[in-house]
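Notes follow once the structure below has been shown.
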Amino acid sequence: MNSFIRVAGMAVLVMQAWAVPMVAQAADKLVVGVAIPTATHSFTSGIVWWANQAKTELEKAHPGVKIIVKTAATAPEQANQLQDMLTVNKINTLVIFPIESASLTQPVAQVKNKGVYVTVVDRGLTNTESQDAYIAGDNTAFGKLPAEYLAKSLNGKGNIVVLRGMPTTLDNERFDAFNAVMKGHPEIKILDAKYGNWNRDDAFKVMQDYLTRFKQIDAVWAADDDMAIGVQKAIAQARRSDIKQVFGGAGAKGAVKKIMDGSDPQIVANVSYSPKFMYDAIKLTTEARLKGEKLPAKTIIPSVLITRDNAKQFYFPKSPF
């Protein structure tokens with residue numbers, strides 16, 4: 001019996017001695033697929049830029065790691081890319097910024113079921129069992145902070161129109177948080193809320209419709225700085241002077257510069273939601289996988305109200321966003 005224990009103990013020691021090189025060897029074969037939207041507007045341009053920054057830095061720091069960045073213009077294209085990365089590139093880790101929540105949930109689940117570690121960024125899936133980790137900005141604060149700011153600046157009275165993003169879980173979180181604040185201000189009326197798809201041209205069309213239908217609008221929650229540009233263009237063309245504020249979102253450098261300079265009376269505040277979280281998600285996931293660790297199930301990066309007092313902290317002129 002004692003000899004058996006000694007032999008077993010020696011076997012354990014041998015296994016432990018080999019454990020470190022085996023982990024290192026496995027780490028050397030880490031292949032990370034990064035699936036993100038095409039740069040159709042400034043925010044997604046920032047997503048693409050930060051993803052490639054992460055690829056460059058991590059592959060340099062860890063020569064055995066391969067990071068494959070793929071961009072897609074549509075949800076079906078992104079779903080097809082997932083299959084290609086799995087079968088052709090042999091990824092064992094996926095960091096995905098889904099173009100849409102519902103339509104990407106099953107394709108991501110299929111990848112996870114093949115043993116791939118999955119980190120979802122920003123636009124959550126409709127079934128969290130399809131992911132290992134979720135990293136995003138604070139979407140509740142993204143809706144809450146603008147609502148509180150607008151309610152205060154309007155002294156609790158007035159008409160607001162809203163431009164939503166795309167049908168995603170994060171947009172629902174933002175809109176629900178905005179509405180929750182406004183329920184406490186019954187004299188503020190939300191005239192309508194339509195999707196502008198985080199796109200300045202679509203936002204321009206939505207705002208044109210609002211301007212035609214509503215004769216008195218006091219403020220606009222555009223919920224995105226690109227959409228805010230389209231909104232302001234429509235207001236200018238219609239020569240409307242009733243709209244005092246256009247509150248965008250995400251802290252694009254153009255909007256932050258206006259707040260810093262005080263050069264645009266309609267753009268006086270914003271809320272942070274930097275595309276840098278794409279870089280953070282790739283870096284955190286890669287480094288955790290190299291250590292054989294898992295990320296927390298959810299990591300939320302705080303959103304902050306941006307005003308003239310703190311705008312300099314959020315101004316990054318070299319970034320595309």
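Each chain of the structure tokens is named A, B, ... in the order shown, its residues numbered from 1; ligands are numbered from 1 in display order.
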Using DSSP on the backbone coordinates, identify the residues of segment 66-223 of chain A assigned to alpha helix (DSSP H); present them as a PyMOL selection string.
chain A and resi 75-87+102-112+139-153+169-182+200-213
Residues of segment 250-272 of chain A within 12 Å of segment 223-236 of chain A: nearest atom pair and distance (Å, one decimal) for each, counting only C-alpha atoms, sorted by chain and number, as a Markdown table?
```
| residue | atom | partner | partner_atom | distance |
| --- | --- | --- | --- | --- |
| A:Ala250 | CA | A:Asp224 | CA | 6.2 |
| A:Gly251 | CA | A:Asp225 | CA | 7.2 |
| A:Ala252 | CA | A:Asp225 | CA | 6.2 |
| A:Lys253 | CA | A:Asp225 | CA | 9.3 |
| A:Gly254 | CA | A:Asp225 | CA | 8.5 |
| A:Ala255 | CA | A:Asp225 | CA | 6.8 |
| A:Val256 | CA | A:Asp225 | CA | 9.7 |
| A:Lys258 | CA | A:Asp225 | CA | 11.7 |
| A:Asp264 | CA | A:Gln232 | CA | 10.7 |
| A:Pro265 | CA | A:Gln232 | CA | 11.5 |
| A:Gln266 | CA | A:Gln232 | CA | 8.6 |
| A:Ile267 | CA | A:Ala228 | CA | 9.0 |
| A:Ala269 | CA | A:Asp225 | CA | 11.1 |
| A:Asn270 | CA | A:Asp225 | CA | 8.6 |
| A:Val271 | CA | A:Ala223 | CA | 9.1 |
| A:Ser272 | CA | A:Asp224 | CA | 10.4 |
```
Find the nearest atom pair between each residue of segment 85-109 of chain A and segment 131-155 of chain A for residues within 12 Å, count only C-alpha atoms, give distances in Å to one decimal, sort rows by chain and ascending number, and present the table as a tab-separated table.
```
residue	atom	partner	partner_atom	distance
A:Thr93	CA	A:Asp132	CA	10.3
A:Leu94	CA	A:Gln131	CA	9.6
A:Val95	CA	A:Ala133	CA	9.4
A:Ile96	CA	A:Tyr134	CA	9.7
A:Phe97	CA	A:Ile135	CA	9.7
A:Pro98	CA	A:Tyr134	CA	11.6
A:Leu104	CA	A:Gln131	CA	11.5
A:Thr105	CA	A:Gln131	CA	9.0
A:Gln106	CA	A:Gln131	CA	10.7
A:Pro107	CA	A:Gln131	CA	11.2
A:Val108	CA	A:Gln131	CA	7.6
A:Ala109	CA	A:Gln131	CA	7.2
```
Please identify all polymer residues within 7 Å of segment 277-279 of chain A, counting only C-alpha atoms, omitting same-chain residues fewer than 4 positions from it, and present them as a ChimeraX atom specification.
/A:47,50-51,54,136,283
Applying 9 Å and only C-alpha atoms, which residues near Ala102 of chain A remain after dropping the ones on its own chain fewer than 2 positions away? List them as an mmCIF file with C-alpha atoms, in the first residue's frame.
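Produced file out22.cif, reproduced below:
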```
data_model
loop_
_atom_site.group_PDB
_atom_site.id
_atom_site.type_symbol
_atom_site.label_atom_id
_atom_site.label_comp_id
_atom_site.auth_asym_id
_atom_site.auth_seq_id
_atom_site.Cartn_x
_atom_site.Cartn_y
_atom_site.Cartn_z
ATOM 1 C CA GLU A 100 -27.645 42.425 -34.064
ATOM 2 C CA LEU A 104 -26.392 36.407 -33.914
ATOM 3 C CA THR A 105 -27.325 34.496 -30.764
ATOM 4 C CA GLN A 106 -27.646 31.081 -32.397
ATOM 5 C CA GLY A 124 -25.597 41.541 -25.840
ATOM 6 C CA LEU A 125 -27.054 38.275 -27.094
ATOM 7 C CA THR A 126 -30.645 37.328 -26.321
ATOM 8 C CA ASN A 127 -29.435 34.184 -24.535
ATOM 9 C CA PRO A 167 -32.996 46.787 -32.193
ATOM 10 C CA THR A 168 -30.485 45.451 -29.667
ATOM 11 C CA THR A 169 -30.430 44.634 -25.973
#
```
Quick one: everything within 8 Å of Thr71 of chain A, counting only C-alpha atoms, minus sequence neighbours fewer than 6 positions away in the same chain. Send it as JSON, numbers by chain.
{"A": [35, 36, 37, 38, 48, 78]}
